[in-house]
Amino acid sequence: QVQLVESGGGLVQAGGSLRLSCAASGNIFSENVMGWYRQAPGKQRELVADITRGGSTGYAESVKGRFTISRDNAKNTVYLQMNSLIPEDTGVYYCNWRRSPNEYWGQGTQVTVSS
């Protein structure tokens, strides 16, 4: 089992910034991928960004150049720095940990961007 605890969501005006954090604990294996997904009202959950333990990253096209994912392996923590936020970024952001065939999710943190 892996437990994920997220923090850092909130309400921000368009153009502002937020930083999300997710700390993992439990049966952490050396090789894993951590990432952030989001779900807007009435829409499916989508990948925002992910990062391997070695630091390789992937981003959704909609956030490239505005969001940065990073991780601290010593702390088993992943971060999502979100800049130049727009109302379309509003949603519940979920932390994800995966190492095939296992996958775990955090409880989600709300991000609301006002126009």
# chains A, B, ... in the order shown; residues from 1 in each chain; ligands from 1
$ residues_around --residues "stretch 37-47 of chain A" --least-positions-apart "5" --cutoff "9 Å" --atoms "only C-alpha atoms" --output "list in words"
Tyr59, Ala60, Glu88, Asp89, Thr90, Gly91, Val92, Tyr93, Tyr94, Cys95, Asn96 and Gly108 of chain A
$ write_last_selection --atoms "all heavy atoms" --output "CSV table (one decimal), in the first residue's frame"
chain,number,residue,atom,x,y,z
A,59,TYR,N,4.1,16.4,-19.9
A,59,TYR,CA,3.1,17.4,-19.6
A,59,TYR,C,2.0,17.4,-20.6
A,59,TYR,O,2.2,17.1,-21.8
A,59,TYR,CB,3.7,18.8,-19.7
A,59,TYR,CG,4.7,19.1,-18.6
A,59,TYR,CD1,6.1,18.9,-18.8
A,59,TYR,CD2,4.3,19.7,-17.4
A,59,TYR,CE1,7.0,19.2,-17.9
A,59,TYR,CE2,5.3,20.0,-16.4
A,59,TYR,CZ,6.6,19.7,-16.7
A,59,TYR,OH,7.5,20.0,-15.7
A,60,ALA,N,0.8,17.7,-20.2
A,60,ALA,CA,-0.3,17.9,-21.1
A,60,ALA,C,0.0,19.2,-21.9
A,60,ALA,O,0.6,20.1,-21.4
A,60,ALA,CB,-1.6,18.1,-20.3
A,88,GLU,N,-9.6,27.9,-16.9
A,88,GLU,CA,-9.7,26.5,-17.4
A,88,GLU,C,-8.9,25.5,-16.6
A,88,GLU,O,-9.0,24.3,-16.7
A,88,GLU,CB,-9.4,26.4,-18.9
A,88,GLU,CG,-10.3,27.1,-19.8
A,88,GLU,CD,-10.3,28.6,-19.8
A,88,GLU,OE1,-9.3,29.2,-19.3
A,88,GLU,OE2,-11.2,29.2,-20.3
A,89,ASP,N,-8.0,26.0,-15.7
A,89,ASP,CA,-7.2,25.1,-14.9
A,89,ASP,C,-8.0,24.7,-13.6
A,89,ASP,O,-7.5,23.9,-12.8
A,89,ASP,CB,-6.0,25.8,-14.4
A,89,ASP,CG,-5.0,26.1,-15.6
A,89,ASP,OD1,-4.9,25.2,-16.4
A,89,ASP,OD2,-4.4,27.2,-15.6
A,90,THR,N,-9.2,25.2,-13.4
A,90,THR,CA,-10.0,24.9,-12.3
A,90,THR,C,-10.4,23.4,-12.3
A,90,THR,O,-10.8,22.9,-13.3
A,90,THR,CB,-11.3,25.8,-12.3
A,90,THR,OG1,-10.9,27.1,-12.1
A,90,THR,CG2,-12.2,25.3,-11.2
A,91,GLY,N,-10.3,22.8,-11.1
A,91,GLY,CA,-10.7,21.4,-11.0
A,91,GLY,C,-10.1,20.8,-9.7
A,91,GLY,O,-9.5,21.5,-8.9
A,92,VAL,N,-10.4,19.6,-9.5
A,92,VAL,CA,-9.8,18.8,-8.4
A,92,VAL,C,-8.5,18.2,-8.9
A,92,VAL,O,-8.6,17.4,-9.9
A,92,VAL,CB,-10.8,17.8,-7.8
A,92,VAL,CG1,-10.1,17.0,-6.7
A,92,VAL,CG2,-12.0,18.4,-7.3
A,93,TYR,N,-7.4,18.4,-8.2
A,93,TYR,CA,-6.1,17.9,-8.6
A,93,TYR,C,-5.8,16.7,-7.8
A,93,TYR,O,-5.8,16.8,-6.5
A,93,TYR,CB,-5.1,18.9,-8.5
A,93,TYR,CG,-5.1,19.9,-9.7
A,93,TYR,CD1,-6.2,20.8,-9.8
A,93,TYR,CD2,-4.1,20.0,-10.6
A,93,TYR,CE1,-6.3,21.7,-10.9
A,93,TYR,CE2,-4.2,20.9,-11.7
A,93,TYR,CZ,-5.2,21.7,-11.8
A,93,TYR,OH,-5.3,22.6,-12.8
A,94,TYR,N,-5.5,15.6,-8.4
A,94,TYR,CA,-5.2,14.3,-7.7
A,94,TYR,C,-3.7,13.9,-7.9
A,94,TYR,O,-3.2,13.9,-9.1
A,94,TYR,CB,-6.1,13.2,-8.3
A,94,TYR,CG,-7.5,13.4,-8.0
A,94,TYR,CD1,-8.4,14.0,-9.0
A,94,TYR,CD2,-8.1,12.9,-6.9
A,94,TYR,CE1,-9.7,14.2,-8.7
A,94,TYR,CE2,-9.5,13.1,-6.6
A,94,TYR,CZ,-10.3,13.7,-7.6
A,94,TYR,OH,-11.6,13.9,-7.3
A,95,CYS,N,-3.1,13.5,-6.9
A,95,CYS,CA,-1.8,13.0,-6.9
A,95,CYS,C,-1.9,11.5,-7.3
A,95,CYS,O,-2.8,10.8,-6.8
A,95,CYS,CB,-1.1,13.2,-5.6
A,95,CYS,SG,0.6,12.5,-5.5
A,96,ASN,N,-0.9,11.0,-8.1
A,96,ASN,CA,-0.9,9.6,-8.5
A,96,ASN,C,0.5,9.0,-8.4
A,96,ASN,O,1.5,9.7,-8.7
A,96,ASN,CB,-1.4,9.6,-10.0
A,96,ASN,CG,-1.3,8.2,-10.6
A,96,ASN,OD1,-0.2,7.8,-11.2
A,96,ASN,ND2,-2.4,7.5,-10.5
A,108,GLY,N,-7.3,14.2,-3.4
A,108,GLY,CA,-7.7,15.3,-4.3
A,108,GLY,C,-7.6,16.7,-3.5
A,108,GLY,O,-7.9,16.7,-2.3
$ residues_around --residues "A:Glu31" --least-positions-apart "3" --cutoff "9 Å" --atoms "only C-alpha atoms" --output "ChimeraX atom specification"
/A:28,52-54,99
$ write_last_selection --atoms "C-alpha atoms" --output "PDB file, in the first residue's frame"
ATOM      1  CA  ILE A  28       7.687   2.898  -1.792  1.00  0.00           C
ATOM      2  CA  THR A  52       9.848   9.381 -13.134  1.00  0.00           C
ATOM      3  CA  ARG A  53      12.159   8.806 -10.220  1.00  0.00           C
ATOM      4  CA  GLY A  54      15.020   9.668 -12.557  1.00  0.00           C
ATOM      5  CA  ARG A  99       4.561   1.153 -10.503  1.00  0.00           C
TER       6      ARG A  99
END
$ closest_residue --among "A:Asn83, A:Ser114, A:Asn32, A:Ser62" --to "A:Pro101" --atoms "only C-alpha atoms"
A:Asn32
$ residues_around --residues "A:Ser84" --least-positions-apart "4" --cutoff "7 Å" --atoms "only C-alpha atoms" --output "PyMOL selection string"
chain A and resi 14-17+66
$ atom_distance --atom1 "atom CA of A:Ser21" --atom2 "atom CA of A:Gly9"
8.9 Å
$ residues_around --residues "A:Gly8" --least-positions-apart "5" --cutoff "8 Å" --atoms "only C-alpha atoms" --output "PyMOL selection string"
chain A and resi 18-21+109
$ residues_around --residues "A:Thr57" --least-positions-apart "5" --cutoff "9 Å" --atoms "only C-alpha atoms" --output "list in words"
Ala49, Asp50, Ile51, Thr52, Ile69 and Ser70 of chain A
$ select_by_dssp --residues "chain A" --states "helix (DSSP H, G or I)" --output "ChimeraX atom specification"
/A:61-63,87-89
$ select_by_dssp --residues "chain A" --states "strand (DSSP E)" --output "PyMOL selection string"
chain A and resi 2-7+10-13+18-26+33-39+46-52+57-59+67-72+77-82+91-99+102-105+109-114
$ closest_residue --among "A:Lys75, A:Arg98, A:Ser7, A:Lys64" --to "A:Met34" --atoms "only C-alpha atoms"
A:Arg98
$ atom_distance --atom1 "atom CA of A:Tyr104" --atom2 "atom CA of A:Thr68"
21.4 Å
$ closest_residue --among "A:Gly55, A:Gly65, A:Gly35, A:Gly106" --to "A:Tyr79" --atoms "only C-alpha atoms"
A:Gly35
$ closest_residue --among "A:Ser25, A:Thr112, A:Gln13, A:Ser100" --to "A:Val78" --atoms "only C-alpha atoms"
A:Ser25
$ atom_distance --atom1 "atom CA of A:Phe67" --atom2 "atom CA of A:Gln81"
5.5 Å
$ closest_residue --among "A:Asn102, A:Trp36, A:Pro87, A:Gln3" --to "A:Arg71" --atoms "only C-alpha atoms"
A:Trp36
$ decode --residues "stretch 83-99 of chain A" --atoms "all heavy atoms" --output "PDB file, in the first residue's frame"
ATOM      1  N   ASN A  83       1.934  28.252 -12.706  1.00  0.00           N
ATOM      2  CA  ASN A  83       2.017  29.688 -12.956  1.00  0.00           C
ATOM      3  C   ASN A  83       1.056  30.084 -14.068  1.00  0.00           C
ATOM      4  O   ASN A  83       0.581  29.246 -14.831  1.00  0.00           O
ATOM      5  CB  ASN A  83       3.442  30.067 -13.345  1.00  0.00           C
ATOM      6  CG  ASN A  83       4.444  29.774 -12.253  1.00  0.00           C
ATOM      7  OD1 ASN A  83       4.133  29.829 -11.061  1.00  0.00           O
ATOM      8  ND2 ASN A  83       5.661  29.443 -12.652  1.00  0.00           N
ATOM      9  N   SER A  84       0.797  31.375 -14.165  1.00  0.00           N
ATOM     10  CA  SER A  84      -0.080  31.904 -15.218  1.00  0.00           C
ATOM     11  C   SER A  84      -1.387  31.124 -15.286  1.00  0.00           C
ATOM     12  O   SER A  84      -1.838  30.718 -16.373  1.00  0.00           O
ATOM     13  CB  SER A  84       0.635  31.867 -16.575  1.00  0.00           C
ATOM     14  OG  SER A  84       1.835  32.613 -16.529  1.00  0.00           O
ATOM     15  N   LEU A  85      -1.986  30.922 -14.141  1.00  0.00           N
ATOM     16  CA  LEU A  85      -3.206  30.122 -14.085  1.00  0.00           C
ATOM     17  C   LEU A  85      -4.355  30.803 -14.826  1.00  0.00           C
ATOM     18  O   LEU A  85      -4.480  32.040 -14.815  1.00  0.00           O
ATOM     19  CB  LEU A  85      -3.589  29.866 -12.633  1.00  0.00           C
ATOM     20  CG  LEU A  85      -2.725  28.805 -11.929  1.00  0.00           C
ATOM     21  CD1 LEU A  85      -2.798  28.946 -10.429  1.00  0.00           C
ATOM     22  CD2 LEU A  85      -3.157  27.410 -12.357  1.00  0.00           C
ATOM     23  N   ILE A  86      -5.168  29.994 -15.432  1.00  0.00           N
ATOM     24  CA  ILE A  86      -6.342  30.462 -16.167  1.00  0.00           C
ATOM     25  C   ILE A  86      -7.575  29.731 -15.620  1.00  0.00           C
ATOM     26  O   ILE A  86      -7.443  28.675 -14.996  1.00  0.00           O
ATOM     27  CB  ILE A  86      -6.181  30.197 -17.681  1.00  0.00           C
ATOM     28  CG1 ILE A  86      -5.985  28.704 -17.952  1.00  0.00           C
ATOM     29  CG2 ILE A  86      -5.021  31.012 -18.246  1.00  0.00           C
ATOM     30  CD1 ILE A  86      -5.873  28.358 -19.436  1.00  0.00           C
ATOM     31  N   PRO A  87      -8.766  30.284 -15.831  1.00  0.00           N
ATOM     32  CA  PRO A  87      -9.970  29.638 -15.284  1.00  0.00           C
ATOM     33  C   PRO A  87     -10.136  28.186 -15.726  1.00  0.00           C
ATOM     34  O   PRO A  87     -10.680  27.374 -14.965  1.00  0.00           O
ATOM     35  CB  PRO A  87     -11.099  30.517 -15.827  1.00  0.00           C
ATOM     36  CG  PRO A  87     -10.487  31.880 -15.940  1.00  0.00           C
ATOM     37  CD  PRO A  87      -9.076  31.617 -16.390  1.00  0.00           C
ATOM     38  N   GLU A  88      -9.645  27.853 -16.904  1.00  0.00           N
ATOM     39  CA  GLU A  88      -9.748  26.475 -17.395  1.00  0.00           C
ATOM     40  C   GLU A  88      -8.904  25.493 -16.584  1.00  0.00           C
ATOM     41  O   GLU A  88      -9.037  24.280 -16.744  1.00  0.00           O
ATOM     42  CB  GLU A  88      -9.353  26.406 -18.869  1.00  0.00           C
ATOM     43  CG  GLU A  88     -10.345  27.052 -19.829  1.00  0.00           C
ATOM     44  CD  GLU A  88     -10.289  28.576 -19.818  1.00  0.00           C
ATOM     45  OE1 GLU A  88      -9.301  29.152 -19.288  1.00  0.00           O
ATOM     46  OE2 GLU A  88     -11.235  29.201 -20.334  1.00  0.00           O
ATOM     47  N   ASP A  89      -8.036  25.991 -15.735  1.00  0.00           N
ATOM     48  CA  ASP A  89      -7.243  25.117 -14.868  1.00  0.00           C
ATOM     49  C   ASP A  89      -8.027  24.687 -13.624  1.00  0.00           C
ATOM     50  O   ASP A  89      -7.540  23.880 -12.833  1.00  0.00           O
ATOM     51  CB  ASP A  89      -5.961  25.822 -14.422  1.00  0.00           C
ATOM     52  CG  ASP A  89      -5.011  26.087 -15.579  1.00  0.00           C
ATOM     53  OD1 ASP A  89      -4.870  25.203 -16.447  1.00  0.00           O
ATOM     54  OD2 ASP A  89      -4.408  27.174 -15.596  1.00  0.00           O
ATOM     55  N   THR A  90      -9.205  25.234 -13.440  1.00  0.00           N
ATOM     56  CA  THR A  90     -10.018  24.898 -12.278  1.00  0.00           C
ATOM     57  C   THR A  90     -10.396  23.425 -12.271  1.00  0.00           C
ATOM     58  O   THR A  90     -10.763  22.858 -13.305  1.00  0.00           O
ATOM     59  CB  THR A  90     -11.299  25.762 -12.267  1.00  0.00           C
ATOM     60  OG1 THR A  90     -10.926  27.126 -12.072  1.00  0.00           O
ATOM     61  CG2 THR A  90     -12.247  25.325 -11.170  1.00  0.00           C
ATOM     62  N   GLY A  91     -10.309  22.811 -11.094  1.00  0.00           N
ATOM     63  CA  GLY A  91     -10.691  21.416 -10.957  1.00  0.00           C
ATOM     64  C   GLY A  91     -10.123  20.825  -9.683  1.00  0.00           C
ATOM     65  O   GLY A  91      -9.453  21.514  -8.911  1.00  0.00           O
ATOM     66  N   VAL A  92     -10.394  19.556  -9.488  1.00  0.00           N
ATOM     67  CA  VAL A  92      -9.794  18.825  -8.387  1.00  0.00           C
ATOM     68  C   VAL A  92      -8.521  18.161  -8.914  1.00  0.00           C
ATOM     69  O   VAL A  92      -8.564  17.448  -9.916  1.00  0.00           O
ATOM     70  CB  VAL A  92     -10.761  17.770  -7.817  1.00  0.00           C
ATOM     71  CG1 VAL A  92     -10.089  17.004  -6.672  1.00  0.00           C
ATOM     72  CG2 VAL A  92     -12.047  18.426  -7.335  1.00  0.00           C
ATOM     73  N   TYR A  93      -7.430  18.407  -8.239  1.00  0.00           N
ATOM     74  CA  TYR A  93      -6.134  17.872  -8.644  1.00  0.00           C
ATOM     75  C   TYR A  93      -5.805  16.663  -7.762  1.00  0.00           C
ATOM     76  O   TYR A  93      -5.846  16.764  -6.528  1.00  0.00           O
ATOM     77  CB  TYR A  93      -5.063  18.950  -8.527  1.00  0.00           C
ATOM     78  CG  TYR A  93      -5.113  19.936  -9.665  1.00  0.00           C
ATOM     79  CD1 TYR A  93      -6.203  20.807  -9.799  1.00  0.00           C
ATOM     80  CD2 TYR A  93      -4.100  19.993 -10.621  1.00  0.00           C
ATOM     81  CE1 TYR A  93      -6.262  21.708 -10.861  1.00  0.00           C
ATOM     82  CE2 TYR A  93      -4.155  20.889 -11.685  1.00  0.00           C
ATOM     83  CZ  TYR A  93      -5.242  21.733 -11.800  1.00  0.00           C
ATOM     84  OH  TYR A  93      -5.309  22.621 -12.849  1.00  0.00           O
ATOM     85  N   TYR A  94      -5.472  15.576  -8.419  1.00  0.00           N
ATOM     86  CA  TYR A  94      -5.193  14.322  -7.732  1.00  0.00           C
ATOM     87  C   TYR A  94      -3.735  13.921  -7.941  1.00  0.00           C
ATOM     88  O   TYR A  94      -3.232  13.927  -9.066  1.00  0.00           O
ATOM     89  CB  TYR A  94      -6.074  13.204  -8.267  1.00  0.00           C
ATOM     90  CG  TYR A  94      -7.542  13.386  -8.024  1.00  0.00           C
ATOM     91  CD1 TYR A  94      -8.351  14.019  -8.955  1.00  0.00           C
ATOM     92  CD2 TYR A  94      -8.137  12.920  -6.851  1.00  0.00           C
ATOM     93  CE1 TYR A  94      -9.712  14.189  -8.731  1.00  0.00           C
ATOM     94  CE2 TYR A  94      -9.487  13.068  -6.624  1.00  0.00           C
ATOM     95  CZ  TYR A  94     -10.265  13.713  -7.564  1.00  0.00           C
ATOM     96  OH  TYR A  94     -11.613  13.871  -7.344  1.00  0.00           O
ATOM     97  N   CYS A  95      -3.098  13.539  -6.870  1.00  0.00           N
ATOM     98  CA  CYS A  95      -1.757  12.983  -6.937  1.00  0.00           C
ATOM     99  C   CYS A  95      -1.868  11.499  -7.299  1.00  0.00           C
ATOM    100  O   CYS A  95      -2.790  10.803  -6.848  1.00  0.00           O
ATOM    101  CB  CYS A  95      -1.070  13.160  -5.592  1.00  0.00           C
ATOM    102  SG  CYS A  95       0.614  12.538  -5.525  1.00  0.00           S
ATOM    103  N   ASN A  96      -0.924  11.033  -8.078  1.00  0.00           N
ATOM    104  CA  ASN A  96      -0.928   9.645  -8.539  1.00  0.00           C
ATOM    105  C   ASN A  96       0.453   9.047  -8.384  1.00  0.00           C
ATOM    106  O   ASN A  96       1.464   9.713  -8.656  1.00  0.00           O
ATOM    107  CB  ASN A  96      -1.352   9.600 -10.011  1.00  0.00           C
ATOM    108  CG  ASN A  96      -1.274   8.223 -10.614  1.00  0.00           C
ATOM    109  OD1 ASN A  96      -0.237   7.821 -11.151  1.00  0.00           O
ATOM    110  ND2 ASN A  96      -2.365   7.480 -10.538  1.00  0.00           N
ATOM    111  N   TRP A  97       0.480   7.806  -7.919  1.00  0.00           N
ATOM    112  CA  TRP A  97       1.732   7.041  -7.803  1.00  0.00           C
ATOM    113  C   TRP A  97       1.510   5.735  -8.538  1.00  0.00           C
ATOM    114  O   TRP A  97       0.495   5.071  -8.327  1.00  0.00           O
ATOM    115  CB  TRP A  97       2.035   6.791  -6.335  1.00  0.00           C
ATOM    116  CG  TRP A  97       3.316   6.063  -6.021  1.00  0.00           C
ATOM    117  CD1 TRP A  97       4.484   6.611  -5.595  1.00  0.00           C
ATOM    118  CD2 TRP A  97       3.554   4.645  -6.081  1.00  0.00           C
ATOM    119  NE1 TRP A  97       5.421   5.630  -5.391  1.00  0.00           N
ATOM    120  CE2 TRP A  97       4.886   4.400  -5.698  1.00  0.00           C
ATOM    121  CE3 TRP A  97       2.770   3.547  -6.441  1.00  0.00           C
ATOM    122  CZ2 TRP A  97       5.436   3.131  -5.638  1.00  0.00           C
ATOM    123  CZ3 TRP A  97       3.315   2.275  -6.393  1.00  0.00           C
ATOM    124  CH2 TRP A  97       4.642   2.075  -5.999  1.00  0.00           C
ATOM    125  N   ARG A  98       2.466   5.355  -9.366  1.00  0.00           N
ATOM    126  CA  ARG A  98       2.254   4.093 -10.055  1.00  0.00           C
ATOM    127  C   ARG A  98       3.572   3.382 -10.291  1.00  0.00           C
ATOM    128  O   ARG A  98       4.626   3.980 -10.513  1.00  0.00           O
ATOM    129  CB  ARG A  98       1.521   4.289 -11.383  1.00  0.00           C
ATOM    130  CG  ARG A  98       2.270   5.057 -12.443  1.00  0.00           C
ATOM    131  CD  ARG A  98       1.410   5.196 -13.684  1.00  0.00           C
ATOM    132  NE  ARG A  98       2.138   5.767 -14.803  1.00  0.00           N
ATOM    133  CZ  ARG A  98       2.262   7.058 -15.043  1.00  0.00           C
ATOM    134  NH1 ARG A  98       1.686   7.938 -14.228  1.00  0.00           N
ATOM    135  NH2 ARG A  98       2.931   7.498 -16.081  1.00  0.00           N
ATOM    136  N   ARG A  99       3.482   2.074 -10.159  1.00  0.00           N
ATOM    137  CA  ARG A  99       4.561   1.153 -10.503  1.00  0.00           C
ATOM    138  C   ARG A  99       3.846  -0.131 -10.858  1.00  0.00           C
ATOM    139  O   ARG A  99       3.307  -0.805  -9.979  1.00  0.00           O
ATOM    140  CB  ARG A  99       5.531   0.962  -9.357  1.00  0.00           C
ATOM    141  CG  ARG A  99       6.699   0.039  -9.709  1.00  0.00           C
ATOM    142  CD  ARG A  99       7.637  -0.128  -8.533  1.00  0.00           C
ATOM    143  NE  ARG A  99       8.821  -0.895  -8.882  1.00  0.00           N
ATOM    144  CZ  ARG A  99       8.908  -2.223  -8.781  1.00  0.00           C
ATOM    145  NH1 ARG A  99       7.872  -2.927  -8.342  1.00  0.00           N
ATOM    146  NH2 ARG A  99      10.025  -2.843  -9.108  1.00  0.00           N
TER     147      ARG A  99
END
